[in-house]
$ cat run33.txt   # compact mmCIF, C-alpha atoms
# COMPACT_ATOMS: atom_id res chain seq x y z
CA MET L 1 0.00 0.00 0.00
CA LEU L 2 2.76 2.40 0.97
CA LEU L 3 4.59 1.63 -2.27
CA LYS L 4 1.48 2.45 -4.33
CA VAL L 5 1.08 5.76 -2.51
CA LYS L 6 4.70 6.63 -3.23
CA LYS L 7 4.24 5.81 -6.91
CA LEU L 8 1.10 7.96 -7.10
CA LEU L 9 2.89 10.83 -5.39
CA LEU L 10 5.78 10.48 -7.82
CA ILE L 11 3.44 10.55 -10.83
CA PHE L 12 1.53 13.52 -9.38
CA SER L 13 4.79 15.38 -8.72
CA GLY L 14 5.93 14.72 -12.27
CA LEU L 15 2.66 15.98 -13.76
CA LEU L 16 2.76 19.06 -11.53
CA PHE L 17 6.34 19.70 -12.61
CA LEU L 18 5.42 19.49 -16.30
CA ALA L 19 2.42 21.78 -15.73
CA LEU L 20 4.70 24.36 -14.14
CA LEU L 21 7.05 24.12 -17.11
CA LEU L 22 4.15 24.73 -19.49
CA LEU L 23 3.16 27.81 -17.50
CA MET L 24 6.74 29.01 -17.67
CA ALA L 25 6.73 28.53 -21.43
CA ALA L 26 3.53 30.53 -21.80
CA ALA L 27 5.08 33.42 -19.87
CA TRP L 28 8.52 33.11 -21.49
CA PRO L 29 9.54 36.30 -23.39
CA HIS L 30 10.19 34.60 -26.72
CA ARG L 31 8.30 36.93 -29.03
CA ASN L 32 11.50 38.18 -30.67
CA ALA L 33 13.35 34.88 -30.39
CA ILE L 34 14.74 33.38 -33.57
CA PRO L 35 15.02 29.60 -33.99
CA VAL L 36 18.21 28.22 -35.51
CA LEU L 37 17.44 24.63 -36.51
CA ASN L 38 20.36 22.19 -36.32
CA TYR L 39 20.43 19.12 -38.58
CA HIS L 40 23.11 16.62 -39.55
CA GLN L 41 22.15 13.80 -41.91
CA ILE L 42 19.03 13.48 -44.08
CA ASN L 43 18.47 9.96 -45.40
CA ASN L 44 16.38 6.80 -45.09
CA SER L 45 19.19 4.33 -44.45
CA ALA L 46 20.90 5.45 -41.23
CA HIS L 47 18.79 4.95 -38.12
CA ASN L 48 20.66 6.95 -35.52
CA ALA L 49 20.23 10.06 -33.40
CA LEU L 50 21.82 12.37 -35.98
CA THR L 51 19.60 11.36 -38.90
CA VAL L 52 16.21 12.63 -40.05
CA ASN L 53 14.56 10.62 -42.81
CA THR L 54 13.90 12.39 -46.09
CA GLU L 55 10.10 12.31 -45.89
CA GLN L 56 10.10 13.80 -42.41
CA PHE L 57 12.51 16.52 -43.48
CA GLU L 58 10.23 17.47 -46.36
CA ALA L 59 7.24 17.51 -44.01
CA GLN L 60 9.13 19.88 -41.71
CA MET L 61 10.10 22.24 -44.54
CA LYS L 62 6.53 22.20 -45.87
CA TYR L 63 5.24 23.00 -42.38
CA LEU L 64 7.60 25.98 -42.04
CA THR L 65 6.50 27.30 -45.43
CA GLU L 66 2.79 26.88 -44.73
CA LYS L 67 3.14 28.60 -41.34
CA GLY L 68 4.78 31.67 -42.87
CA TYR L 69 8.38 31.16 -41.76
CA HIS L 70 11.07 32.86 -43.84
CA THR L 71 14.58 31.45 -43.97
CA ILE L 72 17.57 33.72 -43.34
CA SER L 73 21.36 33.44 -43.49
CA PRO L 74 23.85 33.80 -40.61
CA SER L 75 24.89 37.19 -42.03
CA GLU L 76 21.28 38.41 -41.96
CA LEU L 77 20.99 37.20 -38.38
CA ALA L 78 24.20 39.00 -37.41
CA ASP L 79 23.11 42.21 -39.16
CA ALA L 80 19.88 42.16 -37.17
CA MET L 81 21.64 41.51 -33.87
CA GLU L 82 24.51 43.95 -34.36
CA ASN L 83 22.94 46.68 -36.48
CA ALA L 84 19.19 46.27 -35.88
CA ALA L 85 18.69 45.42 -39.55
CA ALA L 86 15.17 44.36 -40.46
CA LEU L 87 14.36 40.68 -40.78
CA PRO L 88 11.42 39.07 -42.57
CA GLU L 89 8.40 37.99 -40.57
CA ASN L 90 8.90 34.71 -38.68
CA PRO L 91 12.61 34.30 -39.45
CA VAL L 92 14.25 30.90 -39.12
CA LEU L 93 17.84 29.84 -39.79
CA ILE L 94 18.31 26.26 -41.05
CA THR L 95 21.75 24.75 -40.43
CA PHE L 96 23.49 21.44 -41.12
CA ASP L 97 26.71 20.31 -39.46
CA ASP L 98 29.57 18.37 -41.10
CA GLY L 99 28.67 18.55 -44.81
CA TYR L 100 27.32 15.07 -45.52
CA LEU L 101 26.65 14.04 -49.11
CA ASP L 102 23.00 13.38 -48.28
CA ASN L 103 22.62 17.11 -47.64
CA TYR L 104 23.14 17.47 -51.40
CA ASN L 105 21.26 14.35 -52.52
CA ASN L 106 18.23 14.59 -50.24
CA ALA L 107 17.94 17.93 -48.43
CA PHE L 108 19.01 20.24 -51.25
CA PRO L 109 16.19 19.30 -53.70
CA ILE L 110 13.62 19.85 -50.93
CA LEU L 111 15.10 23.21 -49.98
CA LYS L 112 15.00 24.26 -53.64
CA LYS L 113 11.41 23.04 -53.96
CA TYR L 114 10.31 25.34 -51.14
CA ASN L 115 12.70 28.17 -52.11
CA MET L 116 14.49 28.04 -48.77
CA LYS L 117 17.91 29.22 -47.66
CA ALA L 118 20.15 27.03 -45.51
CA THR L 119 23.69 26.98 -44.12
CA ILE L 120 26.09 24.03 -44.06
CA PHE L 121 29.07 24.03 -41.69
CA LEU L 122 31.81 22.14 -43.55
CA ILE L 123 34.61 19.98 -42.17
CA SER L 124 36.90 21.33 -44.85
CA ASP L 125 39.46 18.50 -44.93
CA TYR L 126 36.65 15.98 -45.58
CA VAL L 127 35.26 17.75 -48.66
CA SER L 128 36.05 15.89 -51.93
CA VAL L 129 38.02 13.35 -49.86
CA TYR L 130 35.59 11.02 -48.12
CA PRO L 131 32.69 9.50 -50.12
CA ASN L 132 30.06 10.33 -47.49
CA TYR L 133 30.77 14.07 -47.72
CA VAL L 134 30.03 16.69 -50.36
CA THR L 135 32.50 17.65 -53.05
CA TRP L 136 33.59 21.19 -53.83
CA ASP L 137 31.75 21.03 -57.18
CA LYS L 138 28.51 20.11 -55.42
CA ALA L 139 29.08 22.85 -52.86
CA ILE L 140 29.46 25.39 -55.67
CA GLU L 141 26.18 24.21 -57.21
CA MET L 142 24.43 24.51 -53.87
CA GLN L 143 25.95 27.92 -53.20
CA GLU L 144 24.38 29.15 -56.43
CA ASN L 145 20.99 28.12 -55.03
CA GLN L 146 20.77 29.88 -51.66
CA ILE L 147 22.93 27.46 -49.64
CA ASP L 148 25.61 29.17 -47.56
CA PHE L 149 28.80 27.41 -46.45
CA GLU L 150 30.67 28.17 -43.26
CA SER L 151 33.33 26.46 -41.12
CA HIS L 152 33.25 23.40 -38.88
CA THR L 153 37.10 23.29 -38.58
CA LEU L 154 39.57 21.28 -40.65
CA ASN L 155 38.87 17.83 -39.20
CA HIS L 156 36.25 18.16 -36.46
CA VAL L 157 38.54 18.47 -33.45
CA GLU L 158 37.09 19.54 -30.11
CA LEU L 159 38.63 22.99 -29.80
CA THR L 160 38.80 22.90 -26.00
CA LYS L 161 40.98 19.77 -26.12
CA VAL L 162 43.79 21.12 -28.30
CA SER L 163 46.47 23.75 -27.70
CA PRO L 164 45.70 27.41 -28.46
CA GLU L 165 48.09 27.16 -31.42
CA GLU L 166 46.28 24.13 -32.87
CA CYS L 167 42.92 25.75 -32.21
CA LEU L 168 43.90 28.89 -34.13
CA TYR L 169 45.37 26.72 -36.91
CA GLN L 170 42.06 24.84 -37.24
CA LEU L 171 40.02 28.04 -37.24
CA THR L 172 42.21 29.95 -39.67
CA ASN L 173 42.93 27.24 -42.22
CA SER L 174 39.41 25.84 -42.48
CA LYS L 175 38.23 29.40 -43.12
CA ARG L 176 40.89 29.92 -45.79
CA ALA L 177 40.17 26.59 -47.50
CA ILE L 178 36.45 27.26 -47.88
CA GLU L 179 37.08 30.82 -49.00
CA TRP L 180 39.55 29.65 -51.64
CA HIS L 181 37.37 26.86 -53.03
CA LEU L 182 34.06 28.73 -52.96
CA GLN L 183 35.30 32.29 -53.51
CA LYS L 184 33.27 33.68 -50.63
CA ASN L 185 33.86 35.19 -47.21
CA VAL L 186 33.58 32.72 -44.35
CA SER L 187 32.42 34.55 -41.22
CA PHE L 188 30.81 31.90 -39.02
CA ILE L 189 31.73 28.62 -37.39
CA ALA L 190 29.85 25.83 -35.61
CA TYR L 191 31.87 24.41 -32.73
CA PRO L 192 32.57 20.67 -33.24
CA CYS L 193 30.70 18.74 -30.54
CA GLY L 194 29.57 22.13 -29.24
CA SER L 195 32.87 22.38 -27.39
CA TYR L 196 34.03 25.90 -26.52
CA ASN L 197 35.17 28.13 -23.66
CA ASP L 198 36.28 31.73 -23.17
CA GLU L 199 39.71 31.08 -24.67
CA VAL L 200 38.22 29.45 -27.77
CA GLN L 201 35.84 32.38 -28.22
CA LYS L 202 38.80 34.79 -28.15
CA LEU L 203 40.61 32.74 -30.79
CA VAL L 204 37.48 32.62 -32.96
CA ARG L 205 37.39 36.42 -32.90
CA GLN L 206 41.13 36.57 -33.60
CA ALA L 207 40.70 34.30 -36.63
CA GLY L 208 38.25 36.79 -38.13
CA TYR L 209 34.91 35.13 -37.51
CA ARG L 210 31.82 37.21 -36.91
CA GLY L 211 29.93 34.62 -34.88
CA ALA L 212 29.86 31.01 -33.68
CA PHE L 213 27.12 28.46 -33.09
CA THR L 214 26.86 25.91 -30.27
CA VAL L 215 24.79 22.74 -29.93
CA HIS L 216 23.20 24.03 -26.71
CA TYR L 217 19.41 23.96 -26.91
CA GLY L 218 18.08 27.51 -27.11
CA MET L 219 16.65 30.32 -29.21
CA ILE L 220 18.40 33.49 -30.35
CA HIS L 221 17.45 36.74 -28.61
CA PRO L 222 18.62 40.34 -29.14
CA GLY L 223 21.78 40.95 -27.16
CA ASP L 224 22.96 37.32 -27.14
CA ASN L 225 26.67 36.57 -27.29
CA MET L 226 27.56 36.30 -31.00
CA TYR L 227 30.20 33.66 -30.17
CA ALA L 228 27.84 31.37 -28.24
CA LEU L 229 24.69 31.23 -30.37
CA ASP L 230 22.23 28.52 -29.36
CA ARG L 231 20.34 26.26 -31.75
CA VAL L 232 17.29 23.99 -31.71
CA PRO L 233 18.59 20.44 -32.31
CA ILE L 234 16.51 18.38 -34.71
CA PHE L 235 18.36 15.30 -33.55
CA GLY L 236 19.09 13.59 -30.25
CA GLY L 237 16.49 10.85 -30.53
CA ASN L 238 15.50 7.96 -32.74
CA SER L 239 12.02 9.22 -33.63
CA HIS L 240 12.01 12.34 -35.77
CA THR L 241 8.30 12.87 -36.31
CA LEU L 242 6.55 16.03 -37.41
CA LEU L 243 4.91 16.25 -33.98
CA ARG L 244 8.32 16.17 -32.31
CA PHE L 245 9.50 18.89 -34.68
CA LYS L 246 6.51 21.09 -33.84
CA LEU L 247 7.03 20.61 -30.10
CA ARG L 248 10.71 21.57 -30.37
CA LEU L 249 9.89 24.61 -32.48
CA HIS L 250 6.89 25.98 -30.58
CA TYR L 251 7.63 24.81 -27.04
CA ALA L 252 11.34 25.50 -27.08
CA PRO L 253 11.27 27.18 -23.61
CA VAL L 254 9.94 23.96 -22.03
CA CYS L 255 12.36 21.78 -24.00
CA ILE L 256 15.27 24.03 -23.04
CA VAL L 257 14.49 23.74 -19.31
CA LEU L 258 14.07 19.96 -19.57
CA HIS L 259 17.28 19.64 -21.58
CA ASP L 260 19.28 21.62 -19.01
CA ILE L 261 17.79 19.64 -16.12
CA ARG L 262 18.72 16.38 -17.81
CA ASP L 263 22.27 17.59 -18.50
CA ARG L 264 22.77 18.50 -14.84
CA LEU L 265 21.31 15.19 -13.65
CA PHE L 266 23.68 13.19 -15.86
CA HIS L 267 26.57 14.27 -13.64
CA VAL L 268 24.94 13.09 -10.41
CA HIS L 269 22.29 10.52 -11.32
CA PRO L 270 22.49 9.22 -14.95
CA LEU L 271 19.59 6.79 -14.50
CA LEU L 272 17.26 9.54 -13.29
CA ALA L 273 18.44 11.80 -16.12
CA HIS L 274 17.14 9.28 -18.68
CA LEU L 275 13.66 9.66 -17.19
CA VAL L 276 13.46 13.38 -18.00
CA PRO L 277 11.14 13.61 -21.05
CA ILE L 278 12.42 15.69 -23.94
CA PRO L 279 10.47 15.80 -27.24

$ encode --input "run33.txt" --output "C-alpha cells"
Amino acid sequence: MLLKVKKLLLIFSGLLFLALLLLMAAAWPHRNAIPVLNYHQINNSAHNALTVNTEQFEAQMKYLTEKGYHTISPSELADAMENAAALPENPVLITFDDGYLDNYNNAFPILKKYNMKATIFLISDYVSVYPNYVTWDKAIEMQENQIDFESHTLNHVELTKVSPEECLYQLTNSKRAIEWHLQKNVSFIAYPCGSYNDEVQKLVRQAGYRGAFTVHYGMIHPGDNMYALDRVPIFGGNSHTLLRFKLRLHYAPVCIVLHDIRDRLFHVHPLLAHLVPIP
C-alpha cells in the first residue's frame, strides 16, 4: 500500500512539474526569439540520433513554409543583432553540421522546392576526400541556389581539447580553404561537438569570424553573445516525427528547461536523467 502511494505521489509530482514548465513557457519572453534549426544527416538508411529521414525533413520544410516562416542566413541574423537590420516575418535559420553528401542528394532538392535558404558548416578536410561528404563542385552548385557554407574546422577536433596554437590553426585554415574553393567570405563557425570556452571564443574572434554556433538547446534573442549562439537540435532521438519537430519549435522554452535539467542530472544521477522527457 505504501509503495502504491509513493508511486502515485511520484506521478503527481511529475505531472505538476510538467504543468509548471508549461506555465513558464507561456510566460517566457520569446516573441523576438529566432530559432536556428540544427540538422546533420538526411536519409532513409541510417537509423541513428543524428539522422532525419527524407520524408520527415520534407514535411518539416513544408510546415515551415505553410506557417509563414522565412529562412535567413547567418549574415542576416548578425546584421539584425549587431545593427538592428530588419528581418522578414517569422525568421528561421536552417543549419546542417559536417557537410554530408546526403545534404546534397536529399535535403538540397527539398530546400529548392520550397525556395528556402540554408547553411552548411563544412569539415573542410573531408570535402572531396571522403565518399560520405560533399565535393567542392557540389558545394558550388548549392551555393548558387541559396545554400551558404561556413566552417566546422579542418577535421572536427574539439577545440577545448587542443592547444591554443592548434585551435587557431584549425580556425584559420578551415576558413581559408572554404574561402579559396568557394570564392566567398567565411564569417561563421559551428563548434565541433559544441565544445568551446572563453579562450576558444577569443581565438574565434582573432581568426576573423563574426559569430559562432553551439549545440546548446536555445533560441536566439537580441543581445545574445555572438560567439555562443544557441540552436534547436533536430536530432538527439530515434524518432524524428513532425509532432516532435513542432514541439521543439513551438515549445522551445519547455524543452530548453528539460534539456538543461537532464544535463545536470547526468553528472549526479544518470539513470534519473534518462527519465526526464524531452520531445

$ residues_around --input "run33.txt" --residues "region 90-96 of chain L" --least-positions-apart "2" --cutoff "10 Å" --atoms "all atoms listed in the file" --output "number ranges by chain"
L: 31-42, 61, 64, 67-74, 76-77, 87-88, 98-100, 103, 107, 111, 116-122, 147-150, 190, 213, 231-234

$ closest_residue --input "run33.txt" --among "L:Tyr191, L:Pro222, L:Thr241, L:Asn105" --to "Glu82 (chain L)" --atoms "all atoms listed in the file"
L:Pro222

$ atom_distance --input "run33.txt" --atom1 "CA of Phe235 (chain L)" --atom2 "CA of Ile261 (chain L)"
18.0 Å

$ closest_residue --input "run33.txt" --among "L:Ala86, L:Val134, L:Ala59, L:Val162" --to "Tyr114 (chain L)" --atoms "all atoms listed in the file"
L:Ala59

$ atom_distance --input "run33.txt" --atom1 "CA of Asn155 (chain L)" --atom2 "CA of Gln183 (chain L)"
20.7 Å

$ closest_residue --input "run33.txt" --among "L:His156, L:Ala139, L:Gly223, L:Leu171" --to "Arg205 (chain L)" --atoms "only C-alpha atoms"
L:Leu171

$ closest_residue --input "run33.txt" --among "L:Phe188, L:Tyr196, L:Phe57, L:Tyr133" --to "Ile110 (chain L)" --atoms "only C-alpha atoms"
L:Phe57

$ atom_distance --input "run33.txt" --atom1 "CA of Leu101 (chain L)" --atom2 "CA of Tyr130 (chain L)"
9.5 Å

$ closest_residue --input "run33.txt" --among "L:Asp97, L:His47, L:Asn106, L:Tyr251" --to "Val215 (chain L)" --atoms "only C-alpha atoms"
L:Asp97

$ closest_residue --input "run33.txt" --among "L:Pro131, L:Gly208, L:Pro109, L:Gly218" --to "Lys175 (chain L)" --atoms "only C-alpha atoms"
L:Gly208

$ residues_near_point --input "run33.txt" --point "(22.9, 28.4, -28.4)" --cutoff "6 Å" --atoms "all atoms listed in the file" --output "CSV table (one decimal) with C-alpha atoms, keeping the file's coordinate frame"
chain,number,residue,atom,x,y,z
L,214,THR,CA,26.9,25.9,-30.3
L,216,HIS,CA,23.2,24.0,-26.7
L,217,TYR,CA,19.4,24.0,-26.9
L,218,GLY,CA,18.1,27.5,-27.1
L,228,ALA,CA,27.8,31.4,-28.2
L,229,LEU,CA,24.7,31.2,-30.4
L,230,ASP,CA,22.2,28.5,-29.4
L,231,ARG,CA,20.3,26.3,-31.8
